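What follows is the content of protein-v4.txt (compact mmCIF, N, CA and C atoms).
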# COMPACT_ATOMS: atom_id res chain seq x y z
N MET A 25 -7.70 84.51 -124.07
CA MET A 25 -7.30 85.88 -123.79
C MET A 25 -5.77 86.01 -123.83
N GLN A 26 -5.08 85.01 -123.31
CA GLN A 26 -3.62 85.04 -123.32
C GLN A 26 -3.08 85.12 -124.73
N HIS A 27 -3.72 84.40 -125.66
CA HIS A 27 -3.28 84.43 -127.06
C HIS A 27 -3.39 85.84 -127.62
N THR A 28 -4.47 86.54 -127.29
CA THR A 28 -4.66 87.91 -127.76
C THR A 28 -3.57 88.82 -127.22
N PHE A 29 -3.27 88.71 -125.93
CA PHE A 29 -2.22 89.52 -125.33
C PHE A 29 -0.88 89.21 -125.98
N ASP A 30 -0.58 87.94 -126.15
CA ASP A 30 0.69 87.55 -126.78
C ASP A 30 0.80 88.12 -128.19
N HIS A 31 -0.29 88.10 -128.92
CA HIS A 31 -0.30 88.63 -130.29
C HIS A 31 -0.02 90.14 -130.29
N ILE A 32 -0.68 90.86 -129.38
CA ILE A 32 -0.47 92.31 -129.29
C ILE A 32 0.95 92.62 -128.84
N ALA A 33 1.44 91.91 -127.84
CA ALA A 33 2.81 92.13 -127.35
C ALA A 33 3.82 91.86 -128.46
N GLU A 34 3.62 90.81 -129.21
CA GLU A 34 4.51 90.49 -130.34
C GLU A 34 4.52 91.63 -131.36
N PHE A 35 3.34 92.13 -131.67
CA PHE A 35 3.22 93.22 -132.64
C PHE A 35 3.93 94.47 -132.14
N VAL A 36 3.71 94.83 -130.89
CA VAL A 36 4.26 96.08 -130.34
C VAL A 36 5.76 95.99 -130.11
N LEU A 37 6.22 94.90 -129.55
CA LEU A 37 7.62 94.80 -129.14
C LEU A 37 8.58 94.49 -130.28
N ASN A 38 8.07 93.97 -131.35
CA ASN A 38 8.95 93.57 -132.44
C ASN A 38 8.77 94.43 -133.69
N ARG A 39 8.51 95.71 -133.48
CA ARG A 39 8.38 96.66 -134.57
C ARG A 39 9.37 97.80 -134.37
N SER A 40 9.99 98.21 -135.44
CA SER A 40 10.83 99.41 -135.35
C SER A 40 9.94 100.61 -135.65
N ALA A 41 10.39 101.78 -135.23
CA ALA A 41 9.60 102.99 -135.48
C ALA A 41 9.40 103.20 -136.98
N GLY A 42 10.38 102.81 -137.77
CA GLY A 42 10.27 102.97 -139.22
C GLY A 42 9.22 102.09 -139.86
N ALA A 43 8.83 101.02 -139.16
CA ALA A 43 7.81 100.11 -139.70
C ALA A 43 6.40 100.64 -139.48
N ILE A 44 6.28 101.67 -138.65
CA ILE A 44 4.97 102.26 -138.37
C ILE A 44 4.77 103.43 -139.33
N PRO A 45 3.64 103.48 -140.04
CA PRO A 45 3.41 104.57 -140.99
C PRO A 45 3.51 105.94 -140.31
N GLU A 46 4.02 106.91 -141.05
CA GLU A 46 4.20 108.25 -140.50
C GLU A 46 2.89 108.85 -140.01
N SER A 47 1.81 108.60 -140.72
CA SER A 47 0.51 109.15 -140.30
C SER A 47 0.10 108.60 -138.93
N VAL A 48 0.42 107.35 -138.66
CA VAL A 48 0.10 106.74 -137.37
C VAL A 48 0.97 107.36 -136.28
N ARG A 49 2.25 107.56 -136.55
CA ARG A 49 3.14 108.19 -135.57
C ARG A 49 2.70 109.61 -135.27
N CYS A 50 2.28 110.35 -136.28
CA CYS A 50 1.82 111.73 -136.06
C CYS A 50 0.55 111.76 -135.23
N THR A 51 -0.37 110.84 -135.53
CA THR A 51 -1.61 110.76 -134.76
C THR A 51 -1.32 110.39 -133.31
N ALA A 52 -0.43 109.44 -133.08
CA ALA A 52 -0.06 109.04 -131.71
C ALA A 52 0.59 110.21 -130.97
N ALA A 53 1.43 110.97 -131.66
CA ALA A 53 2.07 112.13 -131.04
C ALA A 53 1.04 113.18 -130.63
N LEU A 54 0.04 113.42 -131.49
CA LEU A 54 -1.02 114.38 -131.16
C LEU A 54 -1.85 113.90 -129.98
N MET A 55 -2.12 112.59 -129.93
CA MET A 55 -2.89 112.05 -128.81
C MET A 55 -2.11 112.17 -127.50
N LEU A 56 -0.80 111.93 -127.54
CA LEU A 56 0.03 112.08 -126.36
C LEU A 56 0.06 113.54 -125.91
N LEU A 57 0.22 114.45 -126.86
CA LEU A 57 0.22 115.88 -126.54
C LEU A 57 -1.11 116.30 -125.92
N ASP A 58 -2.22 115.78 -126.45
CA ASP A 58 -3.53 116.08 -125.91
C ASP A 58 -3.66 115.56 -124.49
N THR A 59 -3.20 114.33 -124.24
CA THR A 59 -3.27 113.74 -122.91
C THR A 59 -2.45 114.56 -121.92
N LEU A 60 -1.24 114.96 -122.31
CA LEU A 60 -0.42 115.78 -121.43
C LEU A 60 -1.07 117.13 -121.14
N GLY A 61 -1.66 117.73 -122.16
CA GLY A 61 -2.33 119.01 -121.98
C GLY A 61 -3.50 118.91 -121.01
N ILE A 62 -4.29 117.86 -121.15
CA ILE A 62 -5.42 117.65 -120.25
C ILE A 62 -4.93 117.40 -118.83
N THR A 63 -3.86 116.63 -118.70
CA THR A 63 -3.31 116.33 -117.38
C THR A 63 -2.81 117.60 -116.70
N ILE A 64 -2.10 118.41 -117.44
CA ILE A 64 -1.58 119.67 -116.88
C ILE A 64 -2.73 120.62 -116.55
N GLY A 65 -3.67 120.76 -117.48
CA GLY A 65 -4.77 121.71 -117.29
C GLY A 65 -5.73 121.33 -116.18
N SER A 66 -5.93 120.04 -115.97
CA SER A 66 -6.92 119.62 -114.97
C SER A 66 -6.34 119.56 -113.55
N GLY A 67 -5.04 119.61 -113.42
CA GLY A 67 -4.40 119.49 -112.10
C GLY A 67 -4.95 120.44 -111.06
N PRO A 68 -5.01 121.74 -111.33
CA PRO A 68 -5.48 122.66 -110.29
C PRO A 68 -7.01 122.75 -110.19
N MET A 69 -7.73 122.11 -111.10
CA MET A 69 -9.20 122.17 -111.08
C MET A 69 -9.73 121.25 -109.97
N THR A 70 -10.94 121.53 -109.52
CA THR A 70 -11.56 120.71 -108.48
C THR A 70 -11.64 119.25 -108.91
N ALA A 71 -12.07 118.99 -110.13
CA ALA A 71 -12.18 117.61 -110.61
C ALA A 71 -10.81 116.92 -110.62
N GLY A 72 -9.77 117.65 -110.99
CA GLY A 72 -8.43 117.09 -111.00
C GLY A 72 -7.95 116.75 -109.60
N LYS A 73 -8.27 117.62 -108.64
CA LYS A 73 -7.88 117.35 -107.24
C LYS A 73 -8.63 116.14 -106.70
N ILE A 74 -9.92 116.03 -107.04
CA ILE A 74 -10.70 114.88 -106.59
C ILE A 74 -10.13 113.60 -107.20
N ALA A 75 -9.80 113.63 -108.49
CA ALA A 75 -9.25 112.45 -109.15
C ALA A 75 -7.92 112.04 -108.53
N ARG A 76 -7.05 113.01 -108.26
CA ARG A 76 -5.74 112.72 -107.66
C ARG A 76 -5.90 112.15 -106.26
N ASN A 77 -6.78 112.75 -105.46
CA ASN A 77 -6.99 112.27 -104.09
C ASN A 77 -7.61 110.87 -104.08
N THR A 78 -8.53 110.62 -105.01
CA THR A 78 -9.15 109.30 -105.10
C THR A 78 -8.14 108.25 -105.52
N ALA A 79 -7.32 108.57 -106.51
CA ALA A 79 -6.29 107.62 -106.96
C ALA A 79 -5.32 107.31 -105.82
N THR A 80 -4.96 108.32 -105.05
CA THR A 80 -4.06 108.10 -103.92
C THR A 80 -4.72 107.22 -102.86
N ALA A 81 -5.99 107.48 -102.59
CA ALA A 81 -6.70 106.70 -101.57
C ALA A 81 -6.89 105.25 -102.00
N LEU A 82 -7.18 105.04 -103.28
CA LEU A 82 -7.46 103.69 -103.76
C LEU A 82 -6.21 102.90 -104.08
N TYR A 83 -5.21 103.56 -104.65
CA TYR A 83 -4.06 102.84 -105.18
C TYR A 83 -2.72 103.26 -104.58
N GLY A 84 -2.73 104.19 -103.66
CA GLY A 84 -1.48 104.67 -103.07
C GLY A 84 -0.83 103.62 -102.18
N SER A 85 0.46 103.72 -102.03
CA SER A 85 1.20 102.79 -101.19
C SER A 85 2.23 103.58 -100.39
N SER A 86 2.39 103.21 -99.15
CA SER A 86 3.41 103.86 -98.32
C SER A 86 4.75 103.14 -98.42
N GLU A 87 4.78 102.02 -99.14
CA GLU A 87 6.02 101.28 -99.32
C GLU A 87 6.78 101.83 -100.51
N ASP A 88 8.05 102.18 -100.29
CA ASP A 88 8.85 102.79 -101.35
C ASP A 88 8.89 101.97 -102.63
N GLY A 89 9.00 100.67 -102.51
CA GLY A 89 9.10 99.81 -103.68
C GLY A 89 7.81 99.66 -104.46
N LEU A 90 6.70 100.10 -103.88
CA LEU A 90 5.40 99.93 -104.52
C LEU A 90 4.74 101.25 -104.90
N CYS A 91 5.42 102.35 -104.68
CA CYS A 91 4.80 103.65 -104.97
C CYS A 91 5.40 104.27 -106.23
N ALA A 92 4.63 105.13 -106.84
CA ALA A 92 5.08 105.86 -108.04
C ALA A 92 4.49 107.26 -107.99
N ARG A 93 5.18 108.17 -108.62
CA ARG A 93 4.65 109.55 -108.69
C ARG A 93 3.57 109.63 -109.76
N MET A 94 2.63 110.53 -109.54
CA MET A 94 1.64 110.82 -110.56
C MET A 94 2.17 111.93 -111.45
N LEU A 95 1.71 111.97 -112.68
CA LEU A 95 2.16 113.01 -113.61
C LEU A 95 1.93 114.39 -113.03
N PHE A 96 2.95 115.23 -113.06
CA PHE A 96 2.88 116.63 -112.66
C PHE A 96 2.38 116.83 -111.23
N ASP A 97 2.73 115.89 -110.34
CA ASP A 97 2.26 116.00 -108.96
C ASP A 97 3.45 115.94 -108.00
N GLY A 98 4.41 116.77 -108.23
CA GLY A 98 5.50 116.89 -107.28
C GLY A 98 6.61 115.94 -107.49
For the structure just supplied, provide its representation as structure tokens.
Amino acid sequence: MQHTFDHIAEFVLNRSAGAIPESVRCTAALMLLDTLGITIGSGPMTAGKIARNTATALYGSSEDGLCARMLFDG
């Protein structure tokens, strides 16, 4: 498994943006835009509130060095 991770890390970290085909960059940009849209849209919904509260309960930390903000949550 470590070999697989090392191979992926090598591929990702040692590539310039110009080495990635434009079609792949455009697709990645659309996927990121879609993810952001879903994140923004689901925030005020009941399911979004449940997901945020569950993530906080399961993974939240009161220690400053171990906590992080969630997307679009203050």
Sel. of helix (DSSP H, G or I) residues, chain A, as a PyMOL selection string: chain A and resi 26-37+41-43+46-66+70-83+88-90
Have a look at atom CA of A:Gly67 and atom C of A:Ser85 and let me know their distance in Å, one decimal. 20.8 Å
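All residues of protein, DNA or RNA that reach within 8 Å of A:Leu95, judged by all atoms listed in the file and not counting those fewer than 2 positions away in the chain, are Thr63, Ile64, Ala92, Arg93, Asp97 and Gly98 of chain A.
Interatomic distance, atom C of A:Ile32 against atom N of A:Leu57: 21.9 Å.
Atom to atom, atom C of A:Gly72 and atom CA of A:Asp58 stand 16.9 Å apart.
Candidate residues A:Thr59, A:Phe96, A:Gly89, A:His31 were compared for distance to A:Arg76, and the nearest is A:Phe96, using only C-alpha atoms.
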